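Asks: I'm passing along work-v4.txt; it holds compact mmCIF, C-alpha atoms and all ligand atoms.
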# COMPACT_ATOMS: atom_id res chain seq x y z
CA MET F 11 74.37 -65.46 -37.10
CA ALA F 12 72.97 -67.06 -33.94
CA PRO F 13 71.19 -70.33 -34.79
CA SER F 14 68.07 -69.10 -33.05
CA THR F 15 67.83 -66.24 -35.54
CA ILE F 16 68.33 -68.29 -38.69
CA ASP F 17 65.72 -70.71 -37.27
CA LEU F 18 63.16 -68.07 -38.08
CA PHE F 19 63.85 -68.46 -41.80
CA ALA F 20 62.53 -71.26 -43.95
CA PHE F 21 65.76 -71.65 -45.89
CA GLY F 22 69.37 -71.73 -44.75
CA GLU F 23 72.00 -69.26 -45.96
CA ASP F 24 73.06 -71.23 -49.06
CA ARG F 25 69.54 -71.73 -50.26
CA LEU F 26 68.61 -68.12 -49.68
CA LEU F 27 71.58 -67.10 -51.77
CA GLU F 28 70.59 -69.55 -54.48
CA LEU F 29 66.95 -68.44 -54.48
CA THR F 30 67.80 -64.75 -54.66
CA ALA F 31 70.21 -65.47 -57.52
CA GLN F 32 67.64 -67.54 -59.45
CA HIS F 33 64.50 -65.45 -59.06
CA PRO F 34 63.70 -61.87 -59.88
CA THR F 35 62.76 -60.04 -56.72
CA PRO F 36 60.40 -59.34 -55.10
CA PHE F 37 59.11 -62.86 -54.41
CA PHE F 38 57.76 -65.17 -51.77
CA ALA F 39 59.41 -68.59 -51.54
CA TYR F 40 57.92 -71.53 -49.69
CA ASP F 41 59.55 -74.73 -48.49
CA LEU F 42 57.06 -77.57 -49.14
CA PRO F 43 59.05 -80.32 -47.37
CA ALA F 44 59.12 -78.08 -44.28
CA ALA F 45 55.32 -77.78 -44.47
CA ARG F 46 55.01 -81.56 -44.75
CA GLU F 47 57.37 -82.03 -41.82
CA ARG F 48 55.42 -79.58 -39.64
CA PHE F 49 52.13 -81.28 -40.41
CA ARG F 50 53.60 -84.68 -39.50
CA ARG F 51 55.22 -83.30 -36.36
CA LEU F 52 51.96 -81.86 -35.10
CA ARG F 53 49.91 -84.88 -36.14
CA ALA F 54 52.32 -87.15 -34.25
CA VAL F 55 51.78 -85.41 -30.90
CA LEU F 56 47.98 -85.23 -31.08
CA PRO F 57 45.68 -87.88 -29.63
CA ALA F 58 43.95 -90.06 -32.25
CA ARG F 59 40.59 -88.42 -31.55
CA VAL F 60 41.92 -85.01 -32.55
CA ARG F 61 41.53 -84.20 -36.23
CA LEU F 62 43.93 -81.74 -37.80
CA ALA F 63 42.58 -79.18 -40.26
CA TYR F 64 44.67 -76.61 -42.08
CA ALA F 65 43.21 -73.07 -41.97
CA VAL F 66 43.39 -72.16 -45.66
CA LYS F 67 43.18 -68.41 -45.07
CA SER F 68 46.69 -68.38 -43.64
CA ASN F 69 48.08 -69.37 -47.06
CA PRO F 70 45.84 -70.69 -49.83
CA GLY F 71 48.67 -71.55 -52.26
CA LEU F 72 47.74 -74.63 -54.26
CA PRO F 73 51.06 -76.52 -53.82
CA LEU F 74 50.73 -76.05 -50.06
CA LEU F 75 47.12 -77.29 -50.08
CA GLU F 76 48.22 -80.28 -52.18
CA THR F 77 51.00 -81.01 -49.70
CA PHE F 78 48.59 -81.01 -46.76
CA ALA F 79 45.88 -82.92 -48.69
CA ALA F 80 48.42 -85.66 -49.45
CA GLU F 81 49.02 -85.91 -45.68
CA GLY F 82 45.30 -86.50 -45.08
CA ALA F 83 44.64 -83.04 -43.62
CA TRP F 84 41.20 -81.64 -43.07
CA PHE F 85 40.70 -78.04 -44.18
CA ASP F 86 39.10 -75.00 -42.61
CA CYS F 87 37.60 -72.86 -45.39
CA ALA F 88 35.93 -69.48 -45.19
CA SER F 89 34.82 -68.68 -48.74
CA ALA F 90 33.60 -70.37 -51.91
CA GLY F 91 37.03 -69.67 -53.39
CA GLU F 92 38.79 -71.55 -50.59
CA VAL F 93 36.41 -74.48 -51.03
CA SER F 94 37.25 -74.65 -54.75
CA ALA F 95 40.97 -74.43 -54.04
CA VAL F 96 40.82 -77.28 -51.52
CA LEU F 97 38.83 -79.50 -53.90
CA ALA F 98 41.29 -78.70 -56.70
CA ALA F 99 44.15 -79.67 -54.37
CA GLY F 100 42.63 -83.09 -53.67
CA GLY F 101 40.89 -82.32 -50.37
CA THR F 102 37.38 -83.60 -49.78
CA GLY F 103 34.20 -82.13 -48.32
CA SER F 104 34.05 -84.82 -45.65
CA GLY F 105 37.28 -83.36 -44.30
CA MET F 106 36.25 -79.72 -44.53
CA VAL F 107 34.71 -77.21 -42.17
CA PHE F 108 33.31 -73.93 -43.36
CA ALA F 109 33.31 -70.80 -41.21
CA GLY F 110 32.64 -67.09 -41.57
CA PRO F 111 30.70 -64.31 -39.88
CA ALA F 112 28.89 -63.18 -43.06
CA LYS F 113 28.47 -66.11 -45.41
CA SER F 114 27.01 -65.27 -48.79
CA GLU F 115 24.56 -67.59 -50.51
CA ARG F 116 27.37 -68.51 -52.92
CA ASP F 117 29.57 -69.47 -49.95
CA LEU F 118 26.85 -71.63 -48.40
CA GLN F 119 26.09 -73.31 -51.71
CA ALA F 120 29.77 -74.08 -52.28
CA ALA F 121 30.08 -75.54 -48.78
CA LEU F 122 26.92 -77.63 -49.23
CA PHE F 123 27.96 -78.80 -52.69
CA ALA F 124 31.32 -79.93 -51.31
CA GLY F 125 29.70 -81.62 -48.30
CA ALA F 126 31.57 -79.48 -45.76
CA ARG F 127 30.54 -79.12 -42.14
CA VAL F 128 29.16 -75.58 -41.91
CA GLN F 129 29.68 -73.59 -38.73
CA VAL F 130 26.67 -71.37 -38.20
CA ASP F 131 27.23 -67.94 -36.71
CA GLY F 132 23.62 -67.09 -36.00
CA ILE F 133 20.01 -67.98 -36.73
CA GLU F 134 20.22 -66.45 -40.23
CA ASP F 135 22.71 -69.14 -41.28
CA VAL F 136 20.31 -71.81 -39.98
CA GLN F 137 17.36 -70.30 -41.83
CA ARG F 138 19.27 -70.13 -45.12
CA LEU F 139 20.66 -73.65 -44.79
CA HIS F 140 17.16 -74.93 -44.02
CA THR F 141 16.08 -73.48 -47.38
CA LEU F 142 19.16 -74.54 -49.37
CA HIS F 143 19.67 -78.06 -48.02
CA ALA F 144 17.97 -80.65 -50.23
CA GLY F 145 19.12 -83.96 -48.71
CA PRO F 146 16.77 -86.47 -47.03
CA GLU F 147 18.51 -86.27 -43.63
CA PRO F 148 18.80 -83.08 -41.58
CA LEU F 149 22.01 -81.21 -42.32
CA ARG F 150 24.45 -81.47 -39.42
CA VAL F 151 25.99 -78.11 -38.55
CA SER F 152 28.20 -76.74 -35.81
CA VAL F 153 27.40 -73.60 -33.89
CA ARG F 154 30.19 -71.13 -33.32
CA VAL F 155 29.97 -69.78 -29.79
CA ASN F 156 31.68 -66.60 -28.70
CA PRO F 157 32.74 -67.47 -25.15
CA ALA F 158 32.09 -65.17 -22.24
CA SER F 159 35.83 -65.18 -21.55
CA GLY F 160 38.77 -66.00 -23.76
CA VAL F 161 42.51 -66.07 -24.05
CA SER F 162 43.82 -62.59 -24.65
CA GLU F 163 46.45 -62.03 -27.28
CA ALA F 164 49.34 -59.71 -27.88
CA ALA F 165 48.23 -58.73 -31.38
CA ALA F 166 44.49 -59.18 -31.33
CA ILE F 167 42.65 -59.75 -34.57
CA ILE F 168 40.24 -62.37 -33.27
CA GLY F 169 39.65 -62.65 -29.54
CA GLY F 170 37.20 -63.90 -26.96
CA GLY F 171 35.30 -62.41 -24.11
CA GLY F 172 34.30 -59.16 -25.77
CA PRO F 173 31.80 -58.07 -28.40
CA SER F 174 32.41 -59.98 -31.62
CA ALA F 175 31.16 -60.27 -35.18
CA PHE F 176 31.77 -64.01 -34.86
CA GLY F 177 29.40 -66.64 -33.58
CA VAL F 178 26.61 -66.66 -31.04
CA ASP F 179 27.42 -65.04 -27.70
CA GLU F 180 27.58 -67.67 -24.97
CA GLU F 181 25.01 -65.70 -22.94
CA VAL F 182 22.32 -66.17 -25.62
CA VAL F 183 23.15 -69.67 -26.83
CA ASP F 184 20.02 -71.19 -25.18
CA GLU F 185 17.83 -68.74 -27.03
CA PHE F 186 19.66 -69.51 -30.29
CA LEU F 187 19.18 -73.27 -29.87
CA ALA F 188 15.47 -72.82 -29.10
CA GLN F 189 15.08 -70.82 -32.32
CA ALA F 190 17.19 -73.27 -34.36
CA ALA F 191 14.99 -76.21 -33.25
CA ALA F 192 12.20 -74.82 -35.42
CA TYR F 193 14.23 -75.54 -38.60
CA ASP F 194 13.96 -79.29 -38.94
CA ARG F 195 16.17 -79.67 -42.01
CA VAL F 196 19.13 -78.45 -39.96
CA ARG F 197 20.50 -80.11 -36.81
CA VAL F 198 23.09 -78.57 -34.51
CA SER F 199 25.46 -81.41 -33.64
CA GLY F 200 28.79 -79.63 -33.41
CA LEU F 201 30.40 -76.71 -31.65
CA GLN F 202 33.18 -74.33 -32.51
CA VAL F 203 34.88 -72.11 -29.95
CA PHE F 204 37.92 -70.16 -31.02
CA ALA F 205 39.29 -67.30 -28.99
CA ALA F 206 43.03 -67.13 -29.50
CA SER F 207 45.53 -65.96 -32.06
CA ASN F 208 49.28 -66.43 -32.29
CA GLU F 209 49.45 -67.91 -28.80
CA LEU F 210 52.85 -69.31 -27.77
CA ASP F 211 51.76 -70.74 -24.41
CA ALA F 212 50.28 -74.25 -24.66
CA GLY F 213 48.63 -73.82 -21.25
CA ARG F 214 46.68 -70.80 -22.41
CA LEU F 215 45.56 -72.57 -25.56
CA LEU F 216 44.41 -75.49 -23.42
CA ASP F 217 42.44 -73.06 -21.21
CA ASN F 218 40.61 -72.05 -24.36
CA HIS F 219 40.01 -75.69 -25.27
CA ARG F 220 38.64 -76.38 -21.77
CA THR F 221 36.30 -73.43 -22.25
CA ALA F 222 35.06 -75.08 -25.46
CA LEU F 223 34.39 -78.35 -23.67
CA ARG F 224 32.70 -76.51 -20.79
CA ILE F 225 30.30 -74.91 -23.27
CA GLY F 226 29.92 -78.26 -25.02
CA ARG F 227 28.95 -79.95 -21.75
CA ARG F 228 26.27 -77.33 -21.26
CA LEU F 229 24.87 -78.00 -24.75
CA HIS F 230 24.96 -81.72 -23.98
CA GLU F 231 23.40 -81.58 -20.51
CA THR F 232 20.90 -78.76 -20.98
CA HIS F 233 19.86 -79.42 -24.57
CA GLY F 234 20.59 -83.13 -24.96
CA ILE F 235 22.91 -82.53 -27.93
CA GLU F 236 25.21 -85.47 -28.70
CA LEU F 237 28.12 -83.44 -30.04
CA ASP F 238 29.95 -85.25 -32.83
CA LEU F 239 32.53 -82.49 -33.37
CA VAL F 240 34.04 -79.87 -31.11
CA ASP F 241 36.23 -77.50 -33.07
CA VAL F 242 38.70 -75.59 -30.93
CA GLY F 243 40.06 -73.47 -33.77
CA GLY F 244 43.65 -72.50 -34.43
CA GLY F 245 45.70 -69.83 -32.74
CA LEU F 246 48.91 -71.87 -32.40
CA GLY F 247 51.62 -69.25 -32.40
CA VAL F 248 55.02 -68.93 -34.03
CA ARG F 249 58.00 -66.83 -33.00
CA TYR F 250 58.46 -63.56 -34.83
CA ALA F 251 61.57 -62.73 -32.78
CA ALA F 252 64.47 -64.96 -31.76
CA ALA F 253 63.93 -64.11 -28.09
CA GLN F 254 60.39 -65.50 -28.06
CA PRO F 255 59.77 -69.06 -26.85
CA SER F 256 58.50 -71.72 -29.26
CA LEU F 257 55.05 -73.16 -28.67
CA ASP F 258 55.45 -76.57 -27.02
CA VAL F 259 53.24 -78.67 -29.29
CA ARG F 260 54.07 -81.85 -27.38
CA ALA F 261 52.61 -80.26 -24.23
CA LEU F 262 49.61 -79.13 -26.26
CA GLY F 263 49.00 -82.67 -27.56
CA ALA F 264 49.37 -84.21 -24.09
CA GLY F 265 47.07 -81.53 -22.67
CA LEU F 266 44.43 -82.25 -25.29
CA GLY F 267 44.55 -85.90 -24.25
CA ARG F 268 43.83 -84.83 -20.67
CA VAL F 269 41.02 -82.52 -21.79
CA LEU F 270 39.38 -85.49 -23.55
CA GLU F 271 39.79 -87.68 -20.47
CA GLU F 272 38.24 -84.99 -18.26
CA ASN F 273 35.18 -84.92 -20.53
CA GLU F 274 33.90 -88.48 -20.65
CA TRP F 275 30.47 -87.26 -21.71
CA PHE F 276 32.00 -86.22 -25.05
CA THR F 277 32.39 -89.11 -27.49
CA GLY F 278 32.86 -87.17 -30.72
CA GLU F 279 35.98 -85.80 -32.38
CA LEU F 280 37.97 -82.74 -31.48
CA LEU F 281 39.16 -80.56 -34.35
CA LEU F 282 42.24 -78.37 -34.24
CA GLU F 283 42.53 -75.96 -37.16
CA PRO F 284 45.87 -74.15 -37.13
CA GLY F 285 46.90 -71.96 -40.02
CA ARG F 286 49.89 -69.92 -38.94
CA TRP F 287 51.75 -72.70 -37.10
CA LEU F 288 51.68 -74.90 -40.21
CA SER F 289 52.40 -72.29 -42.87
CA ALA F 290 54.26 -69.27 -41.43
CA PRO F 291 57.66 -70.96 -40.97
CA THR F 292 57.56 -72.36 -44.49
CA GLY F 293 57.80 -68.97 -46.21
CA VAL F 294 60.17 -66.08 -46.77
CA TYR F 295 59.64 -62.79 -48.57
CA CYS F 296 62.60 -61.38 -50.49
CA ALA F 297 62.77 -57.81 -51.78
CA ARG F 298 65.68 -55.75 -53.02
CA VAL F 299 66.78 -52.54 -51.38
CA VAL F 300 65.98 -49.62 -53.71
CA ARG F 301 67.49 -46.88 -51.55
CA THR F 302 68.39 -46.07 -47.98
CA LYS F 303 68.23 -42.81 -46.07
CA VAL F 304 68.44 -41.30 -42.64
CA SER F 305 65.63 -38.89 -41.86
CA ARG F 306 65.95 -36.83 -38.70
CA GLY F 307 67.90 -39.55 -37.02
CA GLU F 308 65.75 -42.50 -38.20
CA ARG F 309 67.23 -44.97 -40.62
CA PHE F 310 64.94 -46.03 -43.49
CA VAL F 311 65.43 -48.78 -46.04
CA MET F 312 63.08 -48.55 -49.01
CA LEU F 313 62.24 -51.91 -50.57
CA GLU F 314 60.72 -52.92 -53.89
CA GLY F 315 57.60 -54.10 -52.10
CA GLY F 316 55.54 -52.62 -49.31
CA ILE F 317 52.03 -53.08 -47.96
CA ASN F 318 51.03 -54.23 -51.44
CA HIS F 319 52.98 -57.40 -50.57
CA LEU F 320 52.86 -57.54 -46.75
CA LEU F 321 50.29 -55.82 -44.59
CA ARG F 322 50.56 -57.71 -41.34
CA PRO F 323 53.16 -55.51 -39.57
CA LEU F 324 50.99 -52.45 -40.18
CA LEU F 325 47.89 -54.27 -38.88
CA THR F 326 49.41 -55.82 -35.79
CA GLY F 327 52.47 -53.71 -35.00
CA GLN F 328 54.54 -56.90 -35.06
CA SER F 329 57.41 -57.13 -37.55
CA PHE F 330 58.60 -60.16 -39.44
CA PRO F 331 62.16 -61.21 -38.57
CA THR F 332 64.69 -59.73 -40.98
CA LEU F 333 68.06 -60.51 -42.46
CA ALA F 334 69.97 -59.24 -45.46
CA VAL F 335 71.59 -61.10 -48.34
CA ARG F 336 74.21 -59.60 -50.62
CA PRO F 337 74.08 -61.31 -54.03
CA GLY F 338 77.19 -63.38 -54.64
CA VAL F 339 78.34 -62.93 -51.04
CA GLY F 340 75.85 -64.37 -48.58
CA VAL F 341 73.98 -63.27 -45.52
CA ILE F 342 75.46 -59.96 -44.43
CA GLY F 343 75.37 -58.11 -41.16
CA GLY F 344 77.09 -58.15 -37.81
CA ARG F 345 75.63 -61.50 -36.81
CA SER F 346 75.92 -63.27 -40.17
CA ALA F 347 77.78 -66.52 -40.62
CA SER F 348 79.83 -64.96 -43.41
CA GLY F 349 80.59 -62.01 -41.17
CA VAL F 350 80.44 -59.62 -44.10
CA GLY F 351 79.15 -56.14 -43.44
CA GLY F 352 79.29 -54.00 -40.40
CA ASP F 353 77.11 -53.44 -37.42
CA LEU F 354 73.40 -53.94 -37.37
CA VAL F 355 71.38 -50.77 -36.92
CA PRO F 356 67.69 -50.33 -36.09
CA THR F 357 65.90 -49.78 -39.37
CA THR F 358 62.40 -48.92 -40.52
CA LEU F 359 61.39 -50.81 -43.64
CA ALA F 360 59.31 -48.83 -46.12
CA GLY F 361 57.91 -49.72 -49.53
CA PRO F 362 57.44 -48.00 -52.89
CA LEU F 363 53.87 -46.80 -52.38
CA CYS F 364 53.07 -43.11 -52.20
CA THR F 365 51.57 -43.19 -48.75
CA SER F 366 53.09 -42.78 -45.33
CA LEU F 367 51.19 -45.96 -44.38
CA ASP F 368 53.63 -47.97 -46.48
CA ARG F 369 55.69 -49.46 -43.63
CA VAL F 370 56.52 -53.16 -43.52
CA GLY F 371 58.05 -53.29 -40.08
CA THR F 372 61.34 -52.69 -38.38
CA GLY F 373 64.48 -54.74 -37.94
CA ASP F 374 68.15 -54.61 -37.17
CA LEU F 375 69.90 -54.52 -40.54
CA PRO F 376 73.51 -53.95 -41.64
CA ALA F 377 74.70 -50.36 -41.51
CA ASP F 378 76.25 -50.71 -44.97
CA LEU F 379 73.11 -52.08 -46.66
CA ARG F 380 73.02 -50.78 -50.21
CA PRO F 381 70.80 -50.83 -53.31
CA GLY F 382 70.72 -54.32 -54.80
CA ASP F 383 71.05 -56.12 -51.46
CA VAL F 384 68.08 -58.30 -50.65
CA VAL F 385 66.12 -57.99 -47.42
CA VAL F 386 64.60 -61.31 -46.39
CA LEU F 387 61.62 -61.48 -44.05
CA GLY F 388 61.04 -64.76 -42.24
CA GLN F 389 57.83 -66.44 -41.01
CA ALA F 390 56.22 -65.01 -44.15
CA GLY F 391 54.35 -68.16 -45.13
CA ALA F 392 51.19 -67.09 -43.27
CA TYR F 393 48.98 -64.03 -43.42
CA ALA F 394 51.38 -62.42 -45.85
CA SER F 395 50.97 -62.64 -49.62
CA THR F 396 47.17 -62.87 -49.68
CA GLN F 397 46.57 -60.57 -46.75
CA ALA F 398 48.24 -57.65 -48.51
CA MET F 399 46.80 -54.73 -50.51
CA THR F 400 47.96 -56.31 -53.77
CA HIS F 401 46.26 -53.92 -56.18
CA PHE F 402 47.06 -50.66 -54.40
CA LEU F 403 49.14 -48.53 -56.79
CA SER F 404 49.07 -51.23 -59.49
CA HIS F 405 52.54 -52.65 -59.00
CA GLN F 406 53.30 -56.18 -60.18
CA PRO F 407 52.32 -58.82 -57.62
CA PRO F 408 55.29 -60.71 -56.19
CA GLU F 409 56.18 -64.07 -57.71
CA GLN F 410 55.32 -67.16 -55.64
CA VAL F 411 58.11 -69.74 -55.65
CA TRP F 412 57.32 -73.24 -54.39
CA VAL F 413 60.40 -75.22 -53.47
CA ASP F 414 60.07 -78.97 -53.20
CA GLY F 415 63.40 -80.28 -52.03
CA ALA F 416 62.03 -83.82 -51.83
CA GLY F 417 61.06 -83.70 -55.50
CA ALA F 418 57.64 -85.05 -54.61
CA ALA F 419 54.87 -82.57 -55.08
CA THR F 420 53.83 -80.46 -58.02
CA GLY F 421 54.96 -79.33 -61.43
CA ARG F 422 54.87 -75.77 -60.18
CA ALA F 423 57.38 -76.49 -57.44
CA VAL F 424 60.98 -75.43 -57.96
CA GLN F 425 63.72 -77.95 -57.36
CA LEU F 426 66.85 -76.36 -55.96
CA SER F 427 70.23 -77.71 -56.86
CA GLY F 428 71.63 -79.83 -54.08
CA SER F 429 68.15 -80.82 -52.94
CA PRO F 430 67.79 -84.43 -51.97
CA ALA F 431 66.30 -86.41 -54.88
C1 LIG A 501 37.73 -70.14 -37.98
C2 LIG A 501 39.22 -70.05 -37.95
N1 LIG A 501 39.93 -71.18 -37.80
C3 LIG A 501 41.28 -71.16 -37.80
C4 LIG A 501 41.98 -69.98 -37.95
C5 LIG A 501 43.47 -70.04 -37.98
O1 LIG A 501 44.07 -69.33 -36.99
P1 LIG A 501 45.67 -69.41 -36.82
O2 LIG A 501 46.27 -69.11 -38.14
O3 LIG A 501 45.95 -68.38 -35.79
O4 LIG A 501 45.99 -70.79 -36.37
C6 LIG A 501 41.27 -68.77 -38.09
C7 LIG A 501 42.00 -67.51 -38.22
O5 LIG A 501 41.49 -66.45 -38.34
C8 LIG A 501 39.85 -68.82 -38.09
O6 LIG A 501 39.15 -67.70 -38.27
Using structure tokens, write down the structure that the file contains.
Ligand SMILES: Cc1ncc(COP(=O)(O)O)c(C=O)c1O
Replies:
Amino acid sequence: MAPSTIDLFAFGEDRLLELTAQHPTPFFAYDLPAARERFRRLRAVLPARVRLAYAVKSNPGLPLLETFAAEGAWFDCASAGEVSAVLAAGGTGSGMVFAGPAKSERDLQAALFAGARVQVDGIEDVQRLHTLHAGPEPLRVSVRVNPASGVSEAAAIIGGGGPSAFGVDEEVVDEFLAQAAAYDRVRVSGLQVFAASNELDAGRLLDNHRTALRIGRRLHETHGIELDLVDVGGGLGVRYAAAQPSLDVRALGAGLGRVLEENEWFTGELLLEPGRWLSAPTGVYCARVVRTKVSRGERFVMLEGGINHLLRPLLTGQSFPTLAVRPGVGVIGGRSASGVGGDLVPTTLAGPLCTSLDRVGTGDLPADLRPGDVVVLGQAGAYASTQAMTHFLSHQPPEQVWVDGAGAATGRAVQLSGSPA
């Protein structure tokens, strides 16, 4: 197998073989030391004035949250449940932002109780916080602004420039601030602008960050707001195919330094809140082949799990990278290191659910794939397990396996043989 392909998988061939031998499929397995290493790698290239928050929605697994909390991460939460998970993992409210286009009263109360920085998406959030906030000082909040233009994306789930359920449209932000001024127990002192998703080009992310600072300058100069926090969101992309380039995080860090220098008026902190970049490469999904067939010229492989375990390919049209493991043998397929198996053939992956929607992507898989072989999907640490339709058709949810090769983190982590002590 070409190194660039195996790079898309959290574990090397030996460990994949070991994991699939040890654990009943289907399961997700996550590499906690890899998560720690990614956090440190990103932290190291960011200027000191840039805070790093982990977007919990990408993977809310407790061992992962504990790993990031131990590294001093901030957290981006979007529900009362995520707030509780972060607190349970050792995170604190002073390092937490809270976002969402339709926050319930329970959500707002959880965020206030924790002491998180709430990002308001409209005047209704301000009104409700004015009522709920009991402290002597006005509650500092950030306003999420939906920019008039944004970075486009290949697989758009959140974007900028168009109509959006998120935030206050840039065109009406003056009106919003005039209304918000009437609620004296709430003070807008921060800004969030986030208009990218899975972006692999550092320059395009930086364009988005410049847009945020341009809007911030307007808030500062027109409304006299001393911004203490400008949150530029996440959107840092990962490769889902070997041919894609990797995001140059060093260039992103250096660019953020320049963005800060260009904006002397801004003396607060910048917040970056990636989810996918930190968590996707730490996870794999492993499911056994139940049967294979060719239907009118198209090759199908039916797996134990489908959109009840992974929904993202159906939502975005983008597949997870695939490889196949034969128990007791190794990675199989034309490009495998072990060289077992024949040619790779284009394959549609389907699941066990009785609906034609149950497709979990496509991939080139060995022609001789057979029942009992395990298909492994890479980059499955983000927007996978908890983004799926878990309860549809009442199958068992997949097991979550947390591998801590450094032996450091939690009792729930699995130590693989041969892991460094
Ligand atoms: C407010 C907010 N911050 C951060 C993220 C994380 O985005 P990504 O996983 O693309 O980095 C999201 C994703 O939807 C988001 O809504």
Asks: Select all residues near (37.8, -78.8, -48.6) (cut-off 7 Å, inclusive, file coordinates), counting all atoms listed in the file, and output them as an MDAnalysis selection string.
Replies: chainID F and resid 85 87 93 96:97 101:103 105:106 126
Asks: Just how far from atom CA of Ser256 of chain F is atom CA of Asp17 of chain F, in Å to one decimal?
Replies: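 Going from atom CA of Asp17 of chain F over to atom CA of Ser256 of chain F covers 10.8 Å.
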Asks: Give the residue list for ligand LIG 501 (chain A) at 9 Å, counting only C-alpha atoms and all ligand atoms, as an mmCIF file with C-alpha atoms, keeping the file's coordinate frame, sorted by chain and then by residue number.
Replies:
data_model
loop_
_atom_site.group_PDB
_atom_site.id
_atom_site.type_symbol
_atom_site.label_atom_id
_atom_site.label_comp_id
_atom_site.auth_asym_id
_atom_site.auth_seq_id
_atom_site.Cartn_x
_atom_site.Cartn_y
_atom_site.Cartn_z
ATOM 1 C CA ALA F 63 42.580 -79.180 -40.260
ATOM 2 C CA TYR F 64 44.670 -76.610 -42.080
ATOM 3 C CA ALA F 65 43.210 -73.070 -41.970
ATOM 4 C CA VAL F 66 43.390 -72.160 -45.660
ATOM 5 C CA LYS F 67 43.180 -68.410 -45.070
ATOM 6 C CA SER F 68 46.690 -68.380 -43.640
ATOM 7 C CA ASP F 86 39.100 -75.000 -42.610
ATOM 8 C CA CYS F 87 37.600 -72.860 -45.390
ATOM 9 C CA ALA F 88 35.930 -69.480 -45.190
ATOM 10 C CA VAL F 107 34.710 -77.210 -42.170
ATOM 11 C CA PHE F 108 33.310 -73.930 -43.360
ATOM 12 C CA ALA F 109 33.310 -70.800 -41.210
ATOM 13 C CA GLY F 110 32.640 -67.090 -41.570
ATOM 14 C CA GLN F 129 29.680 -73.590 -38.730
ATOM 15 C CA ARG F 154 30.190 -71.130 -33.320
ATOM 16 C CA ILE F 167 42.650 -59.750 -34.570
ATOM 17 C CA ILE F 168 40.240 -62.370 -33.270
ATOM 18 C CA PHE F 176 31.770 -64.010 -34.860
ATOM 19 C CA GLN F 202 33.180 -74.330 -32.510
ATOM 20 C CA VAL F 203 34.880 -72.110 -29.950
ATOM 21 C CA PHE F 204 37.920 -70.160 -31.020
ATOM 22 C CA ALA F 206 43.030 -67.130 -29.500
ATOM 23 C CA SER F 207 45.530 -65.960 -32.060
ATOM 24 C CA ASN F 208 49.280 -66.430 -32.290
ATOM 25 C CA GLU F 209 49.450 -67.910 -28.800
ATOM 26 C CA ASP F 241 36.230 -77.500 -33.070
ATOM 27 C CA VAL F 242 38.700 -75.590 -30.930
ATOM 28 C CA GLY F 243 40.060 -73.470 -33.770
ATOM 29 C CA GLY F 244 43.650 -72.500 -34.430
ATOM 30 C CA GLY F 245 45.700 -69.830 -32.740
ATOM 31 C CA LEU F 246 48.910 -71.870 -32.400
ATOM 32 C CA GLY F 247 51.620 -69.250 -32.400
ATOM 33 C CA LEU F 282 42.240 -78.370 -34.240
ATOM 34 C CA GLU F 283 42.530 -75.960 -37.160
ATOM 35 C CA PRO F 284 45.870 -74.150 -37.130
ATOM 36 C CA GLY F 285 46.900 -71.960 -40.020
ATOM 37 C CA ARG F 286 49.890 -69.920 -38.940
ATOM 38 C CA TRP F 287 51.750 -72.700 -37.100
ATOM 39 C CA LEU F 288 51.680 -74.900 -40.210
ATOM 40 C CA SER F 289 52.400 -72.290 -42.870
ATOM 41 C CA ALA F 290 54.260 -69.270 -41.430
ATOM 42 C CA ALA F 392 51.190 -67.090 -43.270
ATOM 43 C CA TYR F 393 48.980 -64.030 -43.420
#
Asks: Give me, please, the distance in Å between atom CA of Pro331 of chain F and atom CA of Glu23 of chain F, quoted to one decimal.
Replies: 14.7 Å
Asks: Of the candidates F:Arg50, F:Phe78, F:Val355, F:Val60, which shows the shortest atom-to-atom distance to Leu270 of chain F, using all atoms listed in the file?
Replies: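 Checking each candidate against Leu270 of chain F, we get F:Val60 as the closest.
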Asks: From the set F:Ala188, F:Pro255, F:Arg46, F:Arg301, which residue has the shortest atom-to-atom contact distance to His233 of chain F, counting all atoms listed in the file?
Replies: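 Among the listed residues, F:Ala188 lies closest to His233 of chain F.
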Asks: Near Thr372 of chain F, counting all atoms listed in the file, which residues have an atom at most 8 Å away, once you skip same-chain residues fewer than 3 positions from it, shown as a ChimeraX atom specification?
Replies: /F:329,356-359
Asks: What is the atom CA of Leu239 of chain F to atom CA of Ala98 of chain F distance in Å?
Replies: 25.2 Å
Asks: Nearest to Gly327 of chain F among F:Val413, F:Val370, F:Ala39, F:Leu56, with distances taken over only C-alpha atoms: which residue is it?
Replies: F:Val370
Asks: Using only C-alpha atoms, which of the listed residues (F:Glu231, F:Glu279, F:Asp211, F:Asp238) sits closest to Leu257 of chain F?
Replies: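 Ranking F:Glu231, F:Glu279, F:Asp211, F:Asp238 by distance to Leu257 of chain F, first place goes to F:Asp211.
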Asks: Using only C-alpha atoms, which of the listed residues (F:Glu76, F:Asp374, F:Glu115, F:Glu180) sits closest to Ala90 of chain F?
Replies: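 Smallest separation from Ala90 of chain F among the options: F:Glu115.
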Asks: Please list as a count of residues only every residue within 12 Å of Ala158 of chain F, counting all atoms listed in the file and excluding residues in the same chain fewer than 6 positions away.
Replies: 21
Asks: For each of F:Arg195, F:Arg220, F:Arg322, F:Arg61, take the minimum atom-to-atom distance to Tyr250 of chain F, counting only C-alpha atoms, then give the residue where this is smallest.
Replies: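 Of the candidates, the smallest distance to Tyr250 of chain F is held by F:Arg322.
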